[in-house]
>>> print(open('structure.pdb').read())   # PDB, C-alpha atoms
ATOM      1  CA  MET A 102     201.462 -19.112 126.175
ATOM      2  CA  ASN A 103     200.239 -18.026 129.596
ATOM      3  CA  PRO A 104     197.190 -19.864 130.950
ATOM      4  CA  ASP A 105     194.117 -17.892 131.898
ATOM      5  CA  PRO A 106     194.334 -16.417 135.407
ATOM      6  CA  CYS A 107     191.898 -18.965 136.832
ATOM      7  CA  ASP A 108     194.044 -21.792 135.445
ATOM      8  CA  PHE A 109     197.304 -20.429 136.822
ATOM      9  CA  HIS A 110     198.934 -22.896 139.213
ATOM     10  CA  PRO A 111     202.520 -21.979 140.134
ATOM     11  CA  THR A 112     204.804 -25.013 140.059
ATOM     12  CA  THR A 113     208.239 -23.445 140.603
ATOM     13  CA  PRO A 114     209.441 -20.948 143.239
ATOM     14  CA  GLN A 115     209.901 -18.288 140.564
ATOM     15  CA  GLU A 116     206.174 -18.366 139.778
ATOM     16  CA  PHE A 117     205.173 -17.526 143.357
ATOM     17  CA  ILE A 118     205.113 -13.983 144.681
ATOM     18  CA  GLY A 119     205.710 -12.331 148.051
ATOM     19  CA  GLU A 120     206.331 -14.484 151.105
ATOM     20  CA  SER A 121     205.141 -17.546 149.203
ATOM     21  CA  ARG A 122     208.197 -17.330 146.941
ATOM     22  CA  ARG A 123     210.606 -17.299 149.896
ATOM     23  CA  ILE A 124     208.885 -20.343 151.386
ATOM     24  CA  ALA A 125     208.837 -22.064 147.982
ATOM     25  CA  LEU A 126     212.603 -21.620 147.684
ATOM     26  CA  MET A 127     213.111 -23.140 151.154
ATOM     27  CA  LEU A 128     210.840 -26.071 150.320
ATOM     28  CA  GLU A 129     212.637 -26.637 147.023
ATOM     29  CA  ALA A 130     215.975 -26.814 148.850
ATOM     30  CA  LYS A 131     214.473 -29.146 151.470
ATOM     31  CA  ALA A 132     213.126 -31.474 148.772
ATOM     32  CA  LYS A 133     216.522 -31.629 147.093
ATOM     33  CA  ALA A 134     218.195 -32.518 150.391
ATOM     34  CA  LEU A 135     215.613 -35.219 151.132
ATOM     35  CA  LEU A 136     216.077 -36.830 147.732
ATOM     36  CA  GLU A 137     219.830 -37.056 148.316
ATOM     37  CA  ARG A 138     219.535 -38.474 151.843
ATOM     38  CA  LYS A 139     219.366 -42.133 152.835
ATOM     39  CA  ASN A 140     216.542 -43.037 155.220
ATOM     40  CA  PRO A 141     215.406 -39.428 155.728
ATOM     41  CA  ALA A 142     213.512 -38.693 158.915
ATOM     42  CA  PRO A 143     209.754 -38.076 158.628
ATOM     43  CA  VAL A 144     208.800 -34.610 157.374
ATOM     44  CA  LYS A 145     205.913 -32.812 159.103
ATOM     45  CA  ILE A 146     205.055 -29.355 157.794
ATOM     46  CA  LEU A 147     202.143 -27.017 158.510
ATOM     47  CA  LEU A 148     201.487 -23.972 156.328
ATOM     48  CA  TYR A 149     199.068 -21.458 157.802
ATOM     49  CA  GLY A 150     197.766 -18.061 156.819
ATOM     50  CA  ALA A 151     194.850 -16.195 155.288
ATOM     51  CA  PRO A 152     192.944 -17.784 152.374
ATOM     52  CA  GLY A 153     194.301 -17.121 148.899
ATOM     53  CA  THR A 154     197.977 -16.745 149.839
ATOM     54  CA  GLY A 155     199.261 -19.851 148.008
ATOM     55  CA  LYS A 156     199.350 -22.500 150.748
ATOM     56  CA  THR A 157     197.762 -25.214 148.631
ATOM     57  CA  ARG A 158     200.077 -24.505 145.693
ATOM     58  CA  LEU A 159     203.118 -24.652 147.973
ATOM     59  CA  VAL A 160     202.005 -28.053 149.248
ATOM     60  CA  GLU A 161     201.467 -29.280 145.690
ATOM     61  CA  MET A 162     204.881 -28.037 144.568
ATOM     62  CA  PHE A 163     206.726 -29.698 147.451
ATOM     63  CA  ALA A 164     204.848 -32.989 147.100
ATOM     64  CA  ASN A 165     205.464 -33.128 143.347
ATOM     65  CA  LEU A 166     209.182 -32.534 143.840
ATOM     66  CA  LEU A 167     209.379 -35.668 146.000
ATOM     67  CA  ALA A 168     206.999 -37.961 144.121
ATOM     68  CA  TRP A 169     208.057 -39.902 141.072
ATOM     69  CA  HIS A 170     204.392 -40.288 140.151
ATOM     70  CA  PRO A 171     201.143 -38.710 141.462
ATOM     71  CA  THR A 172     200.126 -42.087 142.945
ATOM     72  CA  ALA A 173     202.607 -41.429 145.777
ATOM     73  CA  ILE A 174     200.512 -38.458 146.939
ATOM     74  CA  GLU A 175     197.230 -38.751 148.828
ATOM     75  CA  ASN A 176     195.284 -35.498 149.177
ATOM     76  CA  THR A 177     192.572 -35.074 151.793
ATOM     77  CA  ASN A 178     190.515 -32.199 153.157
ATOM     78  CA  GLY A 179     190.276 -31.783 156.912
ATOM     79  CA  ARG A 180     186.503 -32.249 156.777
ATOM     80  CA  ASN A 181     187.077 -35.698 155.262
ATOM     81  CA  LEU A 182     189.896 -36.707 157.601
ATOM     82  CA  THR A 183     188.139 -39.363 159.622
ATOM     83  CA  ILE A 184     189.515 -41.796 162.175
ATOM     84  CA  ASP A 185     189.131 -44.559 159.574
ATOM     85  CA  VAL A 186     191.296 -42.640 157.112
ATOM     86  CA  VAL A 187     194.101 -42.200 159.642
ATOM     87  CA  ARG A 188     193.872 -45.835 160.681
ATOM     88  CA  ARG A 189     194.273 -46.843 157.047
ATOM     89  CA  TRP A 190     197.390 -44.664 156.882
ATOM     90  CA  GLN A 191     198.760 -46.411 159.962
ATOM     91  CA  GLU A 192     198.094 -49.875 158.554
ATOM     92  CA  SER A 193     199.677 -49.106 155.178
ATOM     93  CA  SER A 194     202.669 -47.115 156.471
ATOM     94  CA  CYS A 195     205.053 -50.057 156.064
ATOM     95  CA  TYR A 196     204.417 -50.263 152.317
ATOM     96  CA  ILE A 197     206.364 -48.279 149.731
ATOM     97  CA  PRO A 198     204.048 -46.507 147.255
ATOM     98  CA  LEU A 199     204.306 -47.261 143.554
ATOM     99  CA  GLY A 200     204.921 -43.594 142.821
ATOM    100  CA  GLY A 201     208.274 -43.265 144.585
ATOM    101  CA  ARG A 202     210.208 -43.728 147.812
ATOM    102  CA  PHE A 203     208.150 -41.240 149.826
ATOM    103  CA  VAL A 204     204.748 -41.802 151.403
ATOM    104  CA  ILE A 205     203.145 -38.362 151.026
ATOM    105  CA  LYS A 206     199.942 -37.315 152.794
ATOM    106  CA  THR A 207     198.472 -33.826 152.454
ATOM    107  CA  VAL A 208     195.543 -32.393 154.390
ATOM    108  CA  GLN A 209     194.040 -29.065 153.364
ATOM    109  CA  GLU A 210     192.283 -27.044 156.079
ATOM    110  CA  LEU A 211     193.567 -29.322 158.801
ATOM    111  CA  ASP A 212     191.853 -27.127 161.390
ATOM    112  CA  THR A 213     188.458 -28.412 160.178
ATOM    113  CA  ALA A 214     189.238 -31.998 161.201
ATOM    114  CA  THR A 215     187.575 -33.321 164.329
ATOM    115  CA  PRO A 216     189.614 -33.387 167.577
ATOM    116  CA  GLN A 217     189.435 -37.185 167.527
ATOM    117  CA  ALA A 218     190.921 -37.369 164.016
ATOM    118  CA  GLN A 219     193.582 -34.846 164.983
ATOM    119  CA  ASP A 220     194.601 -36.895 168.027
ATOM    120  CA  LEU A 221     194.941 -40.090 165.989
ATOM    121  CA  LEU A 222     196.818 -38.190 163.288
ATOM    122  CA  LEU A 223     199.332 -37.042 165.899
ATOM    123  CA  SER A 224     199.853 -40.657 166.938
ATOM    124  CA  PHE A 225     200.438 -41.535 163.294
ATOM    125  CA  LEU A 226     202.993 -38.715 162.987
ATOM    126  CA  ASP A 227     204.755 -39.700 166.227
ATOM    127  CA  ASP A 228     205.232 -43.243 164.891
ATOM    128  CA  ALA A 229     205.974 -42.215 161.313
ATOM    129  CA  LYS A 230     208.710 -44.139 159.538
ATOM    130  CA  PRO A 231     211.504 -42.730 157.355
ATOM    131  CA  TYR A 232     210.326 -41.465 153.958
ATOM    132  CA  THR A 233     207.005 -40.307 155.425
ATOM    133  CA  VAL A 234     205.945 -36.774 154.432
ATOM    134  CA  PHE A 235     202.943 -35.018 155.963
ATOM    135  CA  LEU A 236     201.862 -31.598 154.704
ATOM    136  CA  GLY A 237     198.982 -29.674 156.231
ATOM    137  CA  THR A 238     197.415 -26.249 155.715
ATOM    138  CA  SER A 239     195.304 -24.097 158.006
ATOM    139  CA  ASN A 240     193.478 -20.813 157.380
ATOM    140  CA  LEU A 241     194.739 -19.041 160.510
ATOM    141  CA  MET A 242     192.584 -21.271 162.690
ATOM    142  CA  LEU A 243     195.433 -22.683 164.754
ATOM    143  CA  MET A 244     193.386 -22.413 167.936
ATOM    144  CA  GLN A 245     191.224 -25.227 166.529
ATOM    145  CA  LEU A 246     194.212 -27.556 166.241
ATOM    146  CA  THR A 247     195.282 -29.768 169.095
ATOM    147  CA  GLU A 248     198.062 -27.964 170.981
ATOM    148  CA  ARG A 249     200.512 -30.793 170.329
ATOM    149  CA  PHE A 250     200.662 -29.799 166.654
ATOM    150  CA  GLU A 251     202.805 -26.839 167.661
ATOM    151  CA  THR A 252     205.614 -29.093 168.857
ATOM    152  CA  ARG A 253     205.156 -31.854 166.293
ATOM    153  CA  MET A 254     205.322 -29.860 163.057
ATOM    154  CA  GLN A 255     207.536 -27.343 161.333
ATOM    155  CA  GLN A 256     205.338 -24.292 160.775
ATOM    156  CA  PHE A 257     205.448 -21.634 158.072
ATOM    157  CA  LYS A 258     203.188 -18.588 158.155
ATOM    158  CA  VAL A 259     202.225 -17.582 154.616
ATOM    159  CA  THR A 260     201.483 -13.862 154.623
ATOM    160  CA  PRO A 261     199.600 -12.091 151.811
ATOM    161  CA  PRO A 262     201.608 -10.420 149.046
ATOM    162  CA  THR A 263     201.454  -6.653 148.615
ATOM    163  CA  THR A 264     199.140  -5.029 146.098
ATOM    164  CA  GLU A 265     202.236  -4.031 144.107
ATOM    165  CA  GLU A 266     203.378  -7.662 143.915
ATOM    166  CA  ILE A 267     199.942  -8.832 142.765
ATOM    167  CA  ALA A 268     199.756  -6.051 140.173
ATOM    168  CA  ALA A 269     203.228  -6.925 138.873
ATOM    169  CA  LEU A 270     202.111 -10.539 138.402
ATOM    170  CA  LEU A 271     199.091  -9.439 136.346
ATOM    171  CA  VAL A 272     201.259  -7.183 134.187
ATOM    172  CA  LYS A 273     203.957  -9.805 133.620
ATOM    173  CA  ARG A 274     201.829 -12.865 132.884
ATOM    174  CA  TRP A 275     198.710 -11.437 131.240
ATOM    175  CA  GLY A 276     199.789  -8.065 129.879
ATOM    176  CA  PHE A 277     197.517  -5.865 131.982
ATOM    177  CA  LYS A 278     198.184  -2.146 131.961
ATOM    178  CA  LYS A 279     199.781  -1.084 135.241
ATOM    179  CA  GLN A 280     196.866   1.088 136.344
ATOM    180  CA  ARG A 281     194.274  -1.621 135.637
ATOM    181  CA  ALA A 282     196.415  -4.240 137.327
ATOM    182  CA  MET A 283     196.728  -2.076 140.423
ATOM    183  CA  GLU A 284     192.963  -1.532 140.525
ATOM    184  CA  ILE A 285     192.410  -5.302 140.484
ATOM    185  CA  ALA A 286     195.101  -5.851 143.112
ATOM    186  CA  VAL A 287     193.653  -3.240 145.460
ATOM    187  CA  GLY A 288     190.143  -4.642 145.021
ATOM    188  CA  SER A 289     191.353  -8.150 145.875
ATOM    189  CA  GLY A 290     192.262  -7.203 149.433
ATOM    190  CA  ASN A 291     195.684  -8.853 148.972
ATOM    191  CA  ASN A 292     194.032 -12.175 148.145
ATOM    192  CA  VAL A 293     195.770 -13.698 145.121
ATOM    193  CA  ARG A 294     192.893 -16.050 144.360
ATOM    194  CA  ALA A 295     190.415 -13.160 144.340
ATOM    195  CA  ALA A 296     192.723 -11.103 142.130
ATOM    196  CA  LEU A 297     193.006 -13.921 139.594
ATOM    197  CA  LEU A 298     189.220 -14.327 139.510
ATOM    198  CA  ASP A 299     188.762 -10.600 138.914
ATOM    199  CA  ALA A 300     191.471 -10.602 136.246
ATOM    200  CA  GLN A 301     189.748 -13.519 134.515
ATOM    201  CA  SER A 302     186.473 -11.586 134.459
ATOM    202  CA  VAL A 303     188.167  -8.561 132.907
ATOM    203  CA  LEU A 304     189.816 -10.697 130.219
ATOM    204  CA  ASP A 305     186.560 -12.524 129.467
ATOM    205  CA  VAL A 306     184.709  -9.227 128.981
ATOM    206  CA  SER A 307     187.423  -7.871 126.694
ATOM    207  CA  ARG A 308     187.339 -11.047 124.565
ATOM    208  CA  ILE A 309     183.566 -10.843 124.208
ATOM    209  CA  ALA A 310     183.832  -7.178 123.224
ATOM    210  CA  ALA A 311     186.481  -8.017 120.643
TER     211      ALA A 311
END
>>> encode(input="structure.pdb", output="structure tokens")
Amino acid sequence: MNPDPCDFHPTTPQEFIGESRRIALMLEAKAKALLERKNPAPVKILLYGAPGTGKTRLVEMFANLLAWHPTAIENTNGRNLTIDVVRRWQESSCYIPLGGRFVIKTVQELDTATPQAQDLLLSFLDDAKPYTVFLGTSNLMLMQLTERFETRMQQFKVTPPTTEEIAALLVKRWGFKKQRAMEIAVGSGNNVRAALLDAQSVLDVSRIAA
């Protein structure tokens, strides 16, 4: 049974749409290679693009592929990334987490972190040990990131899906009529999150009417 649109969290590449699916397939292959490798080099990835394109879900998918248990993953928002947090990461980097071989740190909206926290984070990444994985996202605010991020991290630009791709998702997963699905997709401005919210509202109204 398909979850409601607002509860839909893609967990496999096939559940993503548009450019997000291509990136998901690459990340899936990268995770498989890392799991098969001995002493893999640190992984440093930055996903950037407009809000609602699937960056957070891509980070979650990749992290979950590497972690044996959620305790191996530490999620932080850029606004909460303080110098103390990064220092704690540095001090604990020599310990293997209970949830698997990989030490996984994710920072959503990395561009909202202070310059001081960004600078210390870069030092942490420069000294990162094997099995360290850092995943960051940014809402097209790269100019607010320290310039050194450009040379320190592998970057993927997540572009919005087309209205046709969003409409096809609504038809396939929730049984919308094509015309109604296209209306929702067009109204979303190519923002998947907005489209799912609108689709949820339509379904809620139809259930009440029923």
>>> resolve_selection(input="structure.pdb", expression="the PyMOL selection byres ((chain A and resi 210-216) around 9)", output="list of chain:residue names")
A:Leu147, A:Tyr149, A:Asn178, A:Gly179, A:Arg180, A:Asn181, A:Leu182, A:Thr183, A:Ile184, A:Val208, A:Gln209, A:Gln217, A:Ala218, A:Gln219, A:Asp220, A:Leu221, A:Gly237, A:Thr238, A:Ser239, A:Asn240, A:Leu241, A:Met242, A:Leu243, A:Met244, A:Gln245, A:Leu246, A:Thr247
>>> resolve_selection(input="structure.pdb", expression="the PyMOL selection byres ((chain A and resi 121) around 8)", output="list in words")
Phe117, Ile118, Gly119, Glu120, Arg122, Arg123, Ile124, Ala125, Thr154, Gly155, Lys156, Leu159, Val259, Thr260 and Pro262 of chain A
>>> resolve_selection(input="structure.pdb", expression="the PyMOL selection byres ((chain A and resi 291) around 10)", output="PyMOL selection string")
chain A and resi 151-154+260-267+285-290+292-296
>>> closest_residue(input="structure.pdb", among="A:Leu136, A:Ala229, A:Val234, A:Ala142", to="Glu175 of chain A", atoms="all atoms listed in the file")
A:Val234
>>> closest_residue(input="structure.pdb", among="A:Ala134, A:Asn103, A:Leu226, A:Arg281", to="Thr252 of chain A", atoms="all atoms listed in the file")
A:Leu226
>>> atom_distance(input="structure.pdb", atom1="atom CA of Arg253 of chain A", atom2="atom CA of Pro231 of chain A")
15.4 Å
>>> decode(input="structure.pdb", residues="segment 250-291 of chain A", atoms="N, CA and C atoms", output="PDB file, in the first residue's frame")
ATOM      1  N   PHE A 250      35.622  24.559   0.089  1.00  0.00           N
ATOM      2  CA  PHE A 250      34.704  23.433  -0.078  1.00  0.00           C
ATOM      3  C   PHE A 250      34.704  22.938  -1.523  1.00  0.00           C
ATOM      4  N   GLU A 251      34.924  23.840  -2.459  1.00  0.00           N
ATOM      5  CA  GLU A 251      34.884  23.468  -3.864  1.00  0.00           C
ATOM      6  C   GLU A 251      35.962  22.461  -4.220  1.00  0.00           C
ATOM      7  N   THR A 252      37.096  22.514  -3.566  1.00  0.00           N
ATOM      8  CA  THR A 252      38.180  21.586  -3.871  1.00  0.00           C
ATOM      9  C   THR A 252      38.244  20.425  -2.898  1.00  0.00           C
ATOM     10  N   ARG A 253      37.465  20.470  -1.844  1.00  0.00           N
ATOM     11  CA  ARG A 253      37.518  19.423  -0.823  1.00  0.00           C
ATOM     12  C   ARG A 253      36.411  18.374  -0.994  1.00  0.00           C
ATOM     13  N   MET A 254      35.362  18.700  -1.754  1.00  0.00           N
ATOM     14  CA  MET A 254      34.204  17.822  -1.789  1.00  0.00           C
ATOM     15  C   MET A 254      33.761  17.505  -3.208  1.00  0.00           C
ATOM     16  N   GLN A 255      33.259  16.285  -3.382  1.00  0.00           N
ATOM     17  CA  GLN A 255      32.649  15.914  -4.644  1.00  0.00           C
ATOM     18  C   GLN A 255      31.247  16.527  -4.673  1.00  0.00           C
ATOM     19  N   GLN A 256      30.939  17.281  -5.717  1.00  0.00           N
ATOM     20  CA  GLN A 256      29.685  18.019  -5.758  1.00  0.00           C
ATOM     21  C   GLN A 256      28.729  17.459  -6.804  1.00  0.00           C
ATOM     22  N   PHE A 257      27.455  17.406  -6.432  1.00  0.00           N
ATOM     23  CA  PHE A 257      26.395  17.001  -7.346  1.00  0.00           C
ATOM     24  C   PHE A 257      25.301  18.066  -7.324  1.00  0.00           C
ATOM     25  N   LYS A 258      24.976  18.615  -8.477  1.00  0.00           N
ATOM     26  CA  LYS A 258      23.875  19.561  -8.566  1.00  0.00           C
ATOM     27  C   LYS A 258      22.583  18.799  -8.831  1.00  0.00           C
ATOM     28  N   VAL A 259      21.624  18.956  -7.925  1.00  0.00           N
ATOM     29  CA  VAL A 259      20.339  18.259  -8.048  1.00  0.00           C
ATOM     30  C   VAL A 259      19.337  19.227  -8.671  1.00  0.00           C
ATOM     31  N   THR A 260      19.027  19.020  -9.927  1.00  0.00           N
ATOM     32  CA  THR A 260      18.101  19.907 -10.628  1.00  0.00           C
ATOM     33  C   THR A 260      16.665  19.429 -10.456  1.00  0.00           C
ATOM     34  N   PRO A 261      15.689  20.331 -10.556  1.00  0.00           N
ATOM     35  CA  PRO A 261      14.289  19.951 -10.381  1.00  0.00           C
ATOM     36  C   PRO A 261      13.818  19.010 -11.494  1.00  0.00           C
ATOM     37  N   PRO A 262      12.901  18.112 -11.172  1.00  0.00           N
ATOM     38  CA  PRO A 262      12.315  17.262 -12.208  1.00  0.00           C
ATOM     39  C   PRO A 262      11.359  18.075 -13.066  1.00  0.00           C
ATOM     40  N   THR A 263      10.961  17.541 -14.193  1.00  0.00           N
ATOM     41  CA  THR A 263       9.997  18.228 -15.053  1.00  0.00           C
ATOM     42  C   THR A 263       8.591  18.042 -14.490  1.00  0.00           C
ATOM     43  N   THR A 264       7.673  18.873 -14.953  1.00  0.00           N
ATOM     44  CA  THR A 264       6.283  18.721 -14.516  1.00  0.00           C
ATOM     45  C   THR A 264       5.739  17.362 -14.942  1.00  0.00           C
ATOM     46  N   GLU A 265       6.167  16.882 -16.114  1.00  0.00           N
ATOM     47  CA  GLU A 265       5.709  15.564 -16.577  1.00  0.00           C
ATOM     48  C   GLU A 265       6.184  14.456 -15.651  1.00  0.00           C
ATOM     49  N   GLU A 266       7.417  14.575 -15.153  1.00  0.00           N
ATOM     50  CA  GLU A 266       7.946  13.543 -14.246  1.00  0.00           C
ATOM     51  C   GLU A 266       7.210  13.564 -12.904  1.00  0.00           C
ATOM     52  N   ILE A 267       6.911  14.769 -12.410  1.00  0.00           N
ATOM     53  CA  ILE A 267       6.161  14.863 -11.154  1.00  0.00           C
ATOM     54  C   ILE A 267       4.752  14.310 -11.339  1.00  0.00           C
ATOM     55  N   ALA A 268       4.108  14.658 -12.436  1.00  0.00           N
ATOM     56  CA  ALA A 268       2.755  14.162 -12.702  1.00  0.00           C
ATOM     57  C   ALA A 268       2.746  12.648 -12.811  1.00  0.00           C
ATOM     58  N   ALA A 269       3.739  12.076 -13.476  1.00  0.00           N
ATOM     59  CA  ALA A 269       3.817  10.620 -13.621  1.00  0.00           C
ATOM     60  C   ALA A 269       3.946   9.937 -12.264  1.00  0.00           C
ATOM     61  N   LEU A 270       4.694  10.560 -11.342  1.00  0.00           N
ATOM     62  CA  LEU A 270       4.825  10.011  -9.996  1.00  0.00           C
ATOM     63  C   LEU A 270       3.478   9.982  -9.289  1.00  0.00           C
ATOM     64  N   LEU A 271       2.712  11.072  -9.402  1.00  0.00           N
ATOM     65  CA  LEU A 271       1.399  11.139  -8.752  1.00  0.00           C
ATOM     66  C   LEU A 271       0.440  10.107  -9.329  1.00  0.00           C
ATOM     67  N   VAL A 272       0.507   9.896 -10.625  1.00  0.00           N
ATOM     68  CA  VAL A 272      -0.361   8.905 -11.274  1.00  0.00           C
ATOM     69  C   VAL A 272       0.016   7.499 -10.828  1.00  0.00           C
ATOM     70  N   LYS A 273       1.310   7.206 -10.818  1.00  0.00           N
ATOM     71  CA  LYS A 273       1.785   5.853 -10.528  1.00  0.00           C
ATOM     72  C   LYS A 273       1.566   5.452  -9.079  1.00  0.00           C
ATOM     73  N   ARG A 274       1.878   6.339  -8.145  1.00  0.00           N
ATOM     74  CA  ARG A 274       1.860   5.951  -6.730  1.00  0.00           C
ATOM     75  C   ARG A 274       0.519   6.185  -6.050  1.00  0.00           C
ATOM     76  N   TRP A 275      -0.240   7.193  -6.500  1.00  0.00           N
ATOM     77  CA  TRP A 275      -1.478   7.514  -5.789  1.00  0.00           C
ATOM     78  C   TRP A 275      -2.709   7.510  -6.681  1.00  0.00           C
ATOM     79  N   GLY A 276      -2.562   7.087  -7.916  1.00  0.00           N
ATOM     80  CA  GLY A 276      -3.717   6.895  -8.787  1.00  0.00           C
ATOM     81  C   GLY A 276      -4.415   8.162  -9.240  1.00  0.00           C
ATOM     82  N   PHE A 277      -3.712   9.281  -9.284  1.00  0.00           N
ATOM     83  CA  PHE A 277      -4.333  10.510  -9.775  1.00  0.00           C
ATOM     84  C   PHE A 277      -4.629  10.390 -11.272  1.00  0.00           C
ATOM     85  N   LYS A 278      -5.693  11.037 -11.701  1.00  0.00           N
ATOM     86  CA  LYS A 278      -5.957  11.150 -13.126  1.00  0.00           C
ATOM     87  C   LYS A 278      -4.859  12.033 -13.733  1.00  0.00           C
ATOM     88  N   LYS A 279      -4.514  11.761 -14.973  1.00  0.00           N
ATOM     89  CA  LYS A 279      -3.388  12.462 -15.597  1.00  0.00           C
ATOM     90  C   LYS A 279      -3.575  13.979 -15.599  1.00  0.00           C
ATOM     91  N   GLN A 280      -4.780  14.428 -15.923  1.00  0.00           N
ATOM     92  CA  GLN A 280      -5.008  15.876 -15.983  1.00  0.00           C
ATOM     93  C   GLN A 280      -4.852  16.516 -14.610  1.00  0.00           C
ATOM     94  N   ARG A 281      -5.409  15.868 -13.574  1.00  0.00           N
ATOM     95  CA  ARG A 281      -5.301  16.424 -12.219  1.00  0.00           C
ATOM     96  C   ARG A 281      -3.851  16.392 -11.749  1.00  0.00           C
ATOM     97  N   ALA A 282      -3.153  15.333 -12.066  1.00  0.00           N
ATOM     98  CA  ALA A 282      -1.758  15.219 -11.675  1.00  0.00           C
ATOM     99  C   ALA A 282      -0.921  16.323 -12.330  1.00  0.00           C
ATOM    100  N   MET A 283      -1.208  16.610 -13.580  1.00  0.00           N
ATOM    101  CA  MET A 283      -0.466  17.648 -14.283  1.00  0.00           C
ATOM    102  C   MET A 283      -0.762  19.027 -13.691  1.00  0.00           C
ATOM    103  N   GLU A 284      -2.010  19.257 -13.289  1.00  0.00           N
ATOM    104  CA  GLU A 284      -2.365  20.523 -12.667  1.00  0.00           C
ATOM    105  C   GLU A 284      -1.571  20.730 -11.367  1.00  0.00           C
ATOM    106  N   ILE A 285      -1.463  19.671 -10.581  1.00  0.00           N
ATOM    107  CA  ILE A 285      -0.708  19.748  -9.324  1.00  0.00           C
ATOM    108  C   ILE A 285       0.769  19.986  -9.613  1.00  0.00           C
ATOM    109  N   ALA A 286       1.290  19.272 -10.609  1.00  0.00           N
ATOM    110  CA  ALA A 286       2.705  19.386 -10.958  1.00  0.00           C
ATOM    111  C   ALA A 286       3.047  20.797 -11.431  1.00  0.00           C
ATOM    112  N   VAL A 287       2.195  21.355 -12.277  1.00  0.00           N
ATOM    113  CA  VAL A 287       2.428  22.704 -12.785  1.00  0.00           C
ATOM    114  C   VAL A 287       2.368  23.711 -11.637  1.00  0.00           C
ATOM    115  N   GLY A 288       1.406  23.545 -10.755  1.00  0.00           N
ATOM    116  CA  GLY A 288       1.248  24.464  -9.625  1.00  0.00           C
ATOM    117  C   GLY A 288       2.382  24.386  -8.622  1.00  0.00           C
ATOM    118  N   SER A 289       3.124  23.282  -8.628  1.00  0.00           N
ATOM    119  CA  SER A 289       4.217  23.107  -7.666  1.00  0.00           C
ATOM    120  C   SER A 289       5.470  23.885  -8.042  1.00  0.00           C
ATOM    121  N   GLY A 290       5.529  24.357  -9.296  1.00  0.00           N
ATOM    122  CA  GLY A 290       6.740  25.047  -9.729  1.00  0.00           C
ATOM    123  C   GLY A 290       7.947  24.134  -9.762  1.00  0.00           C
ATOM    124  N   ASN A 291       7.731  22.866 -10.104  1.00  0.00           N
ATOM    125  CA  ASN A 291       8.790  21.849 -10.185  1.00  0.00           C
ATOM    126  C   ASN A 291       9.417  21.526  -8.832  1.00  0.00           C
TER     127      ASN A 291
END
